[in-house]
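See below for protein33.cif, which holds mmCIF, C-alpha atoms.
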data_query
#
loop_
_atom_site.label_atom_id
_atom_site.label_comp_id
_atom_site.auth_asym_id
_atom_site.auth_seq_id
_atom_site.Cartn_x
_atom_site.Cartn_y
_atom_site.Cartn_z
CA MET A 1 0.00 0.00 0.00
CA ARG A 2 1.61 3.26 -1.11
CA ILE A 3 1.78 6.23 1.23
CA PRO A 4 0.07 9.25 -0.36
CA LYS A 5 1.88 12.57 -0.59
CA LYS A 6 0.33 15.79 0.66
CA PRO A 7 -0.08 18.00 -2.43
CA PHE A 8 0.66 21.25 -0.56
CA PRO A 9 1.08 22.16 3.12
CA ASN A 10 -2.42 23.51 3.77
CA TYR A 11 -4.35 20.86 1.84
CA LYS A 12 -7.61 19.91 3.57
CA TRP A 13 -11.31 19.45 2.82
CA ARG A 14 -13.07 22.63 3.83
CA TRP A 15 -16.84 22.77 3.89
CA ALA A 16 -18.08 26.32 3.36
CA VAL A 17 -16.21 28.25 6.02
CA TYR A 18 -13.05 28.07 8.08
CA THR A 19 -15.00 27.61 11.31
CA PRO A 20 -17.76 24.99 10.93
CA THR A 21 -21.24 25.30 12.42
CA GLU A 22 -22.81 21.93 11.66
CA SER A 23 -26.39 22.87 12.57
CA LEU A 24 -26.47 25.48 9.79
CA ASN A 25 -26.59 22.55 7.37
CA ASP A 26 -29.69 21.18 9.09
CA PRO A 27 -32.33 21.69 6.35
CA PRO A 28 -34.94 23.61 8.41
CA ILE A 29 -32.33 26.10 9.62
CA PHE A 30 -30.61 26.37 6.23
CA LEU A 31 -33.91 26.81 4.36
CA GLY A 32 -35.42 29.10 6.98
CA ILE A 33 -32.47 31.47 6.77
CA LEU A 34 -32.49 31.32 2.97
CA ARG A 35 -36.16 32.35 2.95
CA VAL A 36 -35.36 35.27 5.26
CA LEU A 37 -32.79 36.35 2.68
CA ARG A 38 -35.35 35.99 -0.11
CA LEU A 39 -37.87 38.17 1.73
CA ASN A 40 -35.18 40.83 2.22
CA GLU A 41 -33.36 40.60 -1.09
CA PHE A 42 -31.37 43.71 -2.04
CA LYS A 43 -31.29 44.92 1.57
CA ASN A 44 -28.15 44.68 3.69
CA PHE A 45 -27.33 41.54 5.67
CA SER A 46 -27.25 43.64 8.85
CA SER A 47 -30.65 45.28 8.32
CA LYS A 48 -33.23 45.18 11.10
CA ASP A 49 -35.66 43.19 8.92
CA VAL A 50 -33.05 40.47 8.40
CA ASN A 51 -32.26 40.31 12.09
CA ASP A 52 -35.95 40.16 13.02
CA GLY A 53 -36.37 37.29 10.56
CA LEU A 54 -33.35 35.45 11.97
CA GLU A 55 -34.77 35.73 15.49
CA VAL A 56 -37.97 34.03 14.30
CA VAL A 57 -35.99 31.26 12.59
CA GLN A 58 -33.92 30.70 15.71
CA GLU A 59 -37.03 30.37 17.87
CA GLU A 60 -39.13 28.27 15.49
CA THR A 61 -36.36 25.80 14.59
CA ASP A 62 -34.95 25.51 18.13
CA SER A 63 -31.57 26.44 16.68
CA THR A 64 -28.65 25.84 19.01
CA VAL A 65 -26.74 28.52 17.12
CA ASN A 66 -27.21 32.15 18.08
CA LEU A 67 -28.21 33.56 14.69
CA VAL A 68 -28.42 37.16 15.92
CA ARG A 69 -25.47 38.08 18.09
CA SER A 70 -26.13 41.75 17.31
CA GLN A 71 -27.41 43.64 14.31
CA GLU A 72 -23.86 44.24 13.09
CA ARG A 73 -22.63 40.73 13.90
CA ASN A 74 -25.42 38.35 12.88
CA ILE A 75 -24.76 34.88 11.48
CA PHE A 76 -23.75 36.22 8.06
CA ARG A 77 -20.67 37.97 9.41
CA ASN A 78 -19.05 34.59 10.01
CA SER A 79 -21.14 32.05 8.13
CA GLY A 80 -22.54 33.67 5.01
CA GLN A 81 -20.25 31.34 3.10
CA TYR A 82 -22.60 28.44 3.86
CA TRP A 83 -25.02 29.97 1.39
CA LYS A 84 -22.40 31.33 -1.02
CA GLY A 85 -20.54 28.03 -1.08
CA LEU A 86 -23.68 26.15 -2.14
CA GLY A 87 -24.57 28.61 -4.86
CA MET A 88 -27.39 30.43 -3.09
CA LEU A 89 -25.84 33.91 -3.00
CA GLU A 90 -24.10 36.04 -5.57
CA ASN A 91 -20.81 37.73 -4.78
CA GLY A 92 -22.37 41.09 -5.50
CA LYS A 93 -22.19 44.50 -3.90
CA ARG A 94 -20.56 44.24 -0.48
CA GLY A 95 -23.12 43.74 2.27
CA GLN A 96 -26.11 43.51 -0.08
CA ILE A 97 -28.28 40.39 -0.35
CA ILE A 98 -28.46 39.08 -3.92
CA LEU A 99 -29.66 35.53 -4.46
CA THR A 100 -28.73 33.42 -7.48
CA PRO A 101 -31.53 32.08 -9.71
CA PHE A 102 -30.86 28.67 -8.10
CA GLY A 103 -31.20 30.18 -4.63
CA ARG A 104 -34.46 31.89 -5.55
CA LYS A 105 -35.93 28.66 -6.87
CA LEU A 106 -35.16 26.85 -3.62
CA ALA A 107 -36.42 29.72 -1.46
CA ASP A 108 -39.65 29.98 -3.47
CA GLY A 109 -40.41 26.26 -3.22
CA GLU A 110 -39.87 25.60 -6.93
CA LEU A 111 -37.09 23.18 -6.02
CA THR A 112 -37.46 20.30 -3.59
CA GLN A 113 -34.86 19.56 -0.94
CA VAL A 114 -33.75 16.43 -2.77
CA GLU A 115 -33.51 18.20 -6.15
CA PHE A 116 -31.36 20.87 -4.51
CA ALA A 117 -29.19 18.34 -2.70
CA THR A 118 -28.72 16.09 -5.75
CA THR A 119 -27.53 19.09 -7.74
CA ILE A 120 -25.01 19.98 -5.03
CA VAL A 121 -23.82 16.37 -4.72
CA LYS A 122 -23.25 16.26 -8.47
CA THR A 123 -21.55 19.63 -8.86
CA LEU A 124 -19.73 20.69 -5.67
CA GLU A 125 -16.03 20.79 -6.38
CA LEU A 126 -12.93 21.37 -4.29
CA PRO A 127 -11.48 23.91 -4.26
CA ASN A 128 -14.80 25.73 -3.95
CA ARG A 129 -14.14 28.79 -6.09
CA ARG A 130 -17.34 30.49 -4.96
CA ILE A 131 -15.77 31.16 -1.56
CA GLU A 132 -12.03 30.40 -1.83
CA SER A 133 -10.31 33.68 -2.65
CA ASP A 134 -6.95 31.99 -3.27
CA THR A 135 -6.83 28.62 -5.04
CA SER A 136 -3.27 28.97 -6.30
CA ASP A 137 -1.99 25.98 -4.28
CA TRP A 138 -4.61 23.74 -5.86
CA ASP A 139 -4.00 25.17 -9.33
CA LYS A 140 -0.22 24.75 -9.17
CA VAL A 141 -0.56 20.99 -8.75
CA GLY A 142 -3.58 20.71 -11.06
CA LEU A 143 -5.80 19.31 -8.31
CA SER A 144 -9.59 19.47 -8.27
CA PHE A 145 -12.28 16.87 -7.58
CA LYS A 146 -15.89 16.39 -6.50
CA PRO A 147 -15.86 15.19 -2.88
CA PHE A 148 -19.42 13.86 -2.81
CA GLU A 149 -18.79 11.74 -5.90
CA ILE A 150 -15.72 10.26 -4.22
CA ILE A 151 -17.68 9.41 -1.06
CA LEU A 152 -20.63 7.88 -2.92
CA GLU A 153 -18.38 5.87 -5.23
CA ILE A 154 -16.46 4.50 -2.24
CA LEU A 155 -19.71 3.49 -0.51
CA SER A 156 -20.94 1.88 -3.72
CA SER A 157 -17.65 0.02 -4.24
CA LEU A 158 -17.54 -1.17 -0.61
CA GLU A 159 -20.99 -2.70 -1.03
CA GLU A 160 -20.06 -4.39 -4.30
CA ARG A 161 -16.69 -5.74 -3.10
CA LEU A 162 -17.05 -6.29 0.64
CA GLY A 163 -20.81 -6.70 1.09
CA SER A 164 -23.51 -4.59 2.72
CA PHE A 165 -22.20 -5.03 6.30
CA GLU A 166 -18.92 -3.31 5.33
CA ALA A 167 -20.53 -0.64 3.14
CA TYR A 168 -20.01 2.34 5.41
CA ILE A 169 -17.53 5.15 6.01
CA THR A 170 -16.58 6.67 9.34
CA PRO A 171 -15.40 10.27 9.75
CA GLU A 172 -12.10 8.83 10.99
CA GLU A 173 -11.66 6.90 7.73
CA LEU A 174 -12.60 9.98 5.74
CA ILE A 175 -10.05 12.12 7.57
CA ARG A 176 -7.16 9.69 7.86
CA ILE A 177 -7.48 7.71 4.60
CA ILE A 178 -9.84 9.18 2.00
CA ILE A 179 -8.81 12.83 2.19
CA PRO A 180 -5.06 12.07 1.98
CA LEU A 181 -5.57 9.72 -0.97
CA ALA A 182 -7.82 12.24 -2.75
CA GLY A 183 -5.01 14.79 -2.48
CA ASP A 184 -2.70 12.40 -4.34
CA ASN A 185 -5.19 11.40 -7.06
CA GLY A 186 -6.09 8.13 -5.36
CA GLN A 187 -7.70 5.35 -7.37
CA MET A 188 -10.81 3.51 -6.20
CA ASP A 189 -8.90 0.27 -5.62
CA GLU A 190 -6.57 2.16 -3.27
CA TYR A 191 -9.44 3.60 -1.23
CA ILE A 192 -11.07 0.19 -0.81
CA GLU A 193 -7.82 -1.63 0.00
CA ALA A 194 -6.79 1.00 2.56
CA ILE A 195 -10.18 0.94 4.32
CA TYR A 196 -10.17 -2.88 4.38
CA LEU A 197 -6.66 -3.03 5.83
CA PHE A 198 -7.41 -0.27 8.36
CA ARG A 199 -10.46 -2.10 9.69
CA ASN A 200 -8.42 -5.26 10.07
CA GLY A 201 -5.62 -3.52 11.94
CA GLU A 202 -3.18 -4.07 9.07
CA LEU A 203 -2.58 -0.51 7.89
CA ASP A 204 0.15 1.62 9.45
CA LEU A 205 -0.95 5.25 9.12
CA SER A 206 1.94 6.70 11.11
CA GLU A 207 3.68 7.94 7.94
CA TRP A 208 0.51 9.14 6.20
CA PRO A 209 0.04 12.93 5.95
CA ASP A 210 -2.23 14.63 8.47
CA CYS A 211 -4.72 16.63 6.41
CA ALA A 212 -6.82 17.72 9.39
CA PRO A 213 -4.30 18.92 11.98
CA GLU A 214 -6.74 21.20 13.83
CA SER A 215 -9.96 20.21 15.60
CA ASN A 216 -12.04 22.42 13.31
CA ASP A 217 -10.55 20.60 10.29
CA LYS A 218 -11.98 17.32 11.55
CA ARG A 219 -15.40 18.86 12.18
CA MET A 220 -15.39 20.43 8.73
CA ALA A 221 -14.53 17.14 7.04
CA ARG A 222 -17.36 15.42 8.89
CA GLU A 223 -19.81 17.94 7.45
CA PHE A 224 -19.60 16.24 4.05
CA LEU A 225 -21.04 13.09 5.62
CA LEU A 226 -23.58 15.07 7.63
CA TYR A 227 -24.80 16.79 4.45
CA LEU A 228 -25.42 13.45 2.73
CA THR A 229 -27.30 12.29 5.82
CA ASN A 230 -29.37 15.47 6.24
CA TYR A 231 -30.71 15.15 2.70
CA GLY A 232 -31.38 11.42 2.67
CA PHE A 233 -28.44 9.97 0.72
CA CYS A 234 -27.03 8.32 3.84
CA ASN A 235 -28.09 7.12 7.25
CA SER A 236 -25.78 6.78 10.20
CA ILE A 237 -25.25 4.43 13.12
CA SER A 238 -23.85 5.92 16.32
CA ARG A 239 -20.79 4.16 17.70
CA GLY A 240 -20.30 6.40 20.73
CA SER A 241 -17.89 8.80 19.03
CA ASN A 242 -18.42 11.30 16.23
CA LEU A 243 -15.30 10.03 14.49
CA LYS A 244 -16.36 6.39 14.64
CA ASP A 245 -20.02 6.74 13.65
CA GLU A 246 -20.83 4.71 10.53
CA TYR A 247 -22.42 6.35 7.47
CA PHE A 248 -24.03 4.10 4.86
CA LEU A 249 -26.10 4.52 1.70
CA SER A 250 -29.82 5.13 2.00
CA ASN A 251 -32.53 5.85 -0.59
CA ILE A 252 -30.15 5.77 -3.55
CA SER A 253 -29.24 2.56 -5.36
CA LEU A 254 -25.89 1.60 -6.86
CA SER A 255 -27.35 1.92 -10.36
CA GLU A 256 -28.65 5.42 -9.56
CA ILE A 257 -25.19 6.43 -8.34
CA ASP A 258 -23.74 5.19 -11.63
CA GLU A 259 -26.42 7.11 -13.54
CA LEU A 260 -25.70 10.27 -11.56
CA PHE A 261 -21.98 10.02 -12.29
CA ALA A 262 -22.70 9.53 -15.99
CA ILE A 263 -24.63 12.80 -16.31
CA GLU A 264 -22.50 15.38 -18.10
CA THR A 265 -22.77 18.83 -16.56
CA ASN A 266 -20.78 21.21 -18.69
CA GLU A 267 -23.15 24.01 -17.73
CA THR A 268 -21.99 26.49 -15.10
CA GLU A 269 -25.36 27.75 -13.84
CA LEU A 270 -26.80 25.57 -11.08
CA ASP A 271 -30.45 26.10 -12.01
CA ARG A 272 -29.73 24.75 -15.50
CA ILE A 273 -27.81 21.79 -14.11
CA GLU A 274 -30.73 21.08 -11.78
CA ARG A 275 -33.07 20.76 -14.77
CA ILE A 276 -30.72 18.24 -16.38
CA ILE A 277 -30.56 16.20 -13.17
CA ARG A 278 -34.32 16.39 -12.63
CA SER A 279 -34.96 14.96 -16.11
CA SER A 280 -32.99 11.86 -15.06
CA GLN A 281 -35.68 10.99 -12.45
CA ILE A 282 -32.96 10.35 -9.86
CA PRO A 283 -34.29 12.98 -7.41
CA ALA A 284 -37.84 11.64 -7.84
CA ASN A 285 -36.68 8.09 -7.08
CA ILE A 286 -34.75 9.23 -4.00
CA GLU A 287 -37.74 11.24 -2.76
CA ARG A 288 -40.11 8.29 -3.18
CA LYS A 289 -37.84 5.86 -1.34
CA LYS A 290 -37.14 8.44 1.37
CA VAL A 291 -40.87 8.88 2.06
CA VAL A 292 -41.53 5.11 2.15
CA ARG A 293 -38.55 4.48 4.45
CA GLU A 294 -39.55 7.23 6.86
CA VAL A 295 -43.12 5.92 7.05
CA LEU A 296 -41.99 2.35 7.71
CA GLU A 297 -39.42 3.37 10.32
CA ARG A 298 -41.78 5.49 12.43
CA PRO A 299 -42.28 3.53 15.67
CA TYR A 300 -45.93 4.49 16.25
CA GLN A 301 -47.05 4.75 12.63
CA ASN A 302 -49.84 2.15 12.96
CA GLN A 303 -51.45 3.89 15.93
CA PHE A 304 -51.04 7.27 14.23
CA ARG A 305 -52.63 5.98 11.01
CA LYS A 306 -55.61 4.56 12.91
CA MET A 307 -56.11 7.88 14.70
CA ILE A 308 -55.95 9.88 11.44
CA MET A 309 -58.26 7.48 9.57
CA GLU A 310 -60.89 7.96 12.26
CA ALA A 311 -60.45 11.74 12.38
CA TYR A 312 -60.79 12.09 8.58
CA GLN A 313 -63.39 9.33 8.20
CA SER A 314 -60.97 7.46 5.91
CA THR A 315 -61.06 10.18 3.27
CA CYS A 316 -58.11 11.80 1.50
CA LEU A 317 -58.22 15.51 2.28
CA VAL A 318 -56.98 16.47 -1.19
CA THR A 319 -58.64 13.99 -3.58
CA GLY A 320 -61.66 12.74 -1.61
CA VAL A 321 -60.63 9.10 -2.22
CA ARG A 322 -62.11 6.75 0.41
CA LEU A 323 -60.31 3.49 -0.39
CA GLU A 324 -58.40 2.67 2.81
CA ASN A 325 -55.83 0.48 1.06
CA VAL A 326 -54.34 3.53 -0.67
CA LEU A 327 -54.68 5.98 2.22
CA GLU A 328 -51.85 7.02 4.53
CA ALA A 329 -51.40 9.26 7.54
CA ALA A 330 -49.07 12.18 6.78
CA HIS A 331 -47.35 14.22 9.47
CA ILE A 332 -47.48 17.98 8.96
CA LYS A 333 -44.40 18.68 11.07
CA PRO A 334 -42.11 15.66 10.66
CA ILE A 335 -41.31 13.54 13.71
CA LYS A 336 -37.57 14.06 13.16
CA HIS A 337 -38.20 17.78 13.65
CA LYS A 338 -40.19 17.25 16.87
CA GLY A 339 -43.60 16.83 15.29
CA ASP A 340 -46.20 14.92 17.31
CA ASP A 341 -48.20 11.75 16.64
CA ASN A 342 -51.63 13.35 17.10
CA ILE A 343 -54.57 14.46 14.96
CA PHE A 344 -53.51 18.13 15.21
CA ASN A 345 -50.34 17.25 13.27
CA GLY A 346 -51.82 14.80 10.77
CA ILE A 347 -53.57 14.70 7.40
CA CYS A 348 -55.17 11.74 5.63
CA MET A 349 -53.76 11.46 2.11
CA ARG A 350 -53.76 9.06 -0.81
CA ALA A 351 -50.32 7.43 -1.04
CA ASP A 352 -49.13 9.36 -4.10
CA ILE A 353 -50.40 12.65 -2.65
CA HIS A 354 -48.50 11.83 0.56
CA THR A 355 -45.33 11.40 -1.52
CA LEU A 356 -45.96 14.76 -3.21
CA PHE A 357 -46.50 16.36 0.20
CA ASP A 358 -43.41 14.88 1.86
CA SER A 359 -41.20 15.67 -1.13
CA ASN A 360 -42.50 19.28 -1.18
CA HIS A 361 -44.05 19.10 -4.62
CA LEU A 362 -47.34 19.88 -2.88
CA LYS A 363 -47.77 22.40 -0.08
CA ILE A 364 -50.89 23.16 1.95
CA LEU A 365 -51.06 26.68 3.31
CA PRO A 366 -52.74 27.44 6.67
CA SER A 367 -55.63 28.88 4.63
CA GLY A 368 -56.14 25.51 2.92
CA GLU A 369 -54.76 26.79 -0.38
CA ILE A 370 -52.77 24.19 -2.32
CA LYS A 371 -49.50 25.10 -4.02
CA LEU A 372 -47.82 22.76 -6.53
CA THR A 373 -44.36 23.00 -8.01
CA SER A 374 -44.32 23.66 -11.75
CA GLU A 375 -43.26 20.03 -12.30
CA ALA A 376 -46.21 18.64 -10.32
CA ASN A 377 -48.64 21.14 -11.87
CA ARG A 378 -48.16 19.87 -15.40
CA LYS A 379 -51.31 18.78 -17.22
CA GLU A 380 -50.11 15.19 -17.39
CA ASN A 381 -49.30 15.16 -13.67
CA TYR A 382 -51.46 16.82 -11.01
CA GLU A 383 -52.95 19.91 -12.64
CA HIS A 384 -56.42 18.49 -11.88
CA LEU A 385 -56.02 18.75 -8.10
CA PRO A 386 -58.15 21.34 -6.30
CA SER A 387 -56.63 24.74 -5.63
CA LYS A 388 -57.96 24.75 -2.08
CA VAL A 389 -59.19 22.31 0.56
CA VAL A 390 -61.28 22.79 3.69
CA LEU A 391 -59.07 22.03 6.67
CA PRO A 392 -60.70 20.42 9.71
CA ASP A 393 -60.86 22.71 12.73
CA PHE A 394 -58.53 20.43 14.69
CA VAL A 395 -55.59 20.85 12.27
CA ASP A 396 -52.84 22.98 13.79
CA ARG A 397 -52.33 25.86 11.35
CA GLN A 398 -49.07 26.82 13.06
CA GLN A 399 -47.61 23.45 12.07
CA LEU A 400 -48.59 24.08 8.45
CA ASP A 401 -46.93 27.50 8.66
CA TRP A 402 -43.76 25.89 10.10
CA ARG A 403 -43.68 23.40 7.23
CA ILE A 404 -43.97 26.15 4.60
CA LYS A 405 -41.03 28.03 6.13
CA TYR A 406 -38.65 25.24 7.05
CA TYR A 407 -39.31 22.07 5.10
#
What is this structure when it is put down as structure tokens?
Amino acid sequence: MRIPKKPFPNYKWRWAVYTPTESLNDPPIFLGILRVLRLNEFKNFSSKDVNDGLEVVQEETDSTVNLVRSQERNIFRNSGQYWKGLGMLENGKRGQIILTPFGRKLADGELTQVEFATTIVKTLELPNRRIESDTSDWDKVGLSFKPFEIILEILSSLEERLGSFEAYITPEELIRIIIPLAGDNGQMDEYIEAIYLFRNGELDLSEWPDCAPESNDKRMAREFLLYLTNYGFCNSISRGSNLKDEYFLSNISLSEIDELFAIETNETELDRIERIIRSSQIPANIERKKVVREVLERPYQNQFRKMIMEAYQSTCLVTGVRLENVLEAAHIKPIKHKGDDNIFNGICMRADIHTLFDSNHLKILPSGEIKLTSEANRKENYEHLPSKVVLPDFVDRQQLDWRIKYY
């Protein structure tokens, strides 16, 4: 096993900023802040309206991060690169909020979470030139790569070669093995061999380069795995230590990974790339499997379904269908975001409408108005759905409002 060489002294995998704040990549917080920016576009980041909006996001998402330290030092002073690095913000006039077309589509609900995330997984490249002011070290050695593609290909190869029980990556393996090899143009066989030997206690890493010498470097590297988990590409198993937790594929098949890699994206504008990726049906497949998995894994789903069927008299709120075999109980505020298993937080929906709802192709406003994405609203899709429904009195309108803002 060859020992990789460090391409330049400060080589490391940086997420979007020098100091990581993992919870900013939690979708409700990320999307909530993005929508505050959309509402205040062309104002200054430090404006009172922005700060008032951030205070609401902090309260309604239970954010552990103080988003508003002061009007002059809100979260964008240190962490605006989270949104710039993912193509949400233009590098425009200093201090002024200008969203990209891609950012506006996500903020306006014309892009689902999975469509957004799949586009980022396919296109994010290191060095990230949207936020790295000096990439000369990378350019001198001719180094650039897509970190998410490396991670997904390794997970796919581990499953094919070592079996499903070994098809995971730990942050420790990412930091000590994958990142050093990526810096020396590692080949897939090298990644797999090194991980196999490491797990069997047969790999001496004492001479390998340390590409995460500071504690923040390790946290920042882990964010690549957290991102894949937050948006449904991976699940994780806790092993008692952040560095030893196991991350494995979820909701995306090996063939879909191959198909994603095969898509050519010569375009430079993210909203155009997103349309190419959407036409592949990969995001739709991930969304469908994600919804089914989440329903099956909910511990009290049967009791919740029975409660919702009784409350709605076994009738889909949107379509009026009364065939119980195709009806499901949908949570308004998801359980993973502290939603409750009660009738105030539930809607009876036909299975395909539930998928639309959970993938954000269909939104129900507190007024009962229905909003569809342009894709769902096509004539051949769901254009025939009603524009408004009558919500039962027991439905918690605040939960619907939360979902519009943060999901």
Tell me which residues the PyMOL selection byres ((chain A and resi 324) around 12) grabs here, as a list in words. Arg305, Lys306, Ile308, Met309, Glu310, Tyr312, Gln313, Ser314, Thr315, Cys316, Gly320, Val321, Arg322, Leu323, Asn325, Val326, Leu327, Glu328, Ala329, Cys348, Met349, Arg350 and Ala351 of chain A
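Evaluated on this file, the PyMOL selection byres ((chain A and resi 196) around 12) matches A:Met1, A:Ile154, A:Ser157, A:Leu158, A:Arg161, A:Leu162, A:Gly163, A:Glu166, A:Ala167, A:Tyr168, A:Ile169, A:Glu173, A:Ile177, A:Asp189, A:Glu190, A:Tyr191, A:Ile192, A:Glu193, A:Ala194, A:Ile195, A:Leu197, A:Phe198, A:Arg199, A:Asn200, A:Gly201, A:Glu202, A:Leu203.
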What would the selection look like, as a ChimeraX atom specification, if the PyMOL selection byres ((chain A and resi 51-68) around 8) were run on the coordinates I just shared? /A:21,23-24,28-29,32-33,36,46-50,69-71,73-75,402,406
Nearest to Asp352 of chain A, chosen from A:Leu124, A:Ile151, A:Leu391, A:Val291, with all atoms listed in the file counted in the distances: A:Val291
Considering only C-alpha atoms, return as a PyMOL selection string whatever protein or nucleic-acid residues lie within 8 Å of Leu260 of chain A, sequence-local ones (same chain, fewer than 4 positions apart) excluded. chain A and resi 122+256+277+282
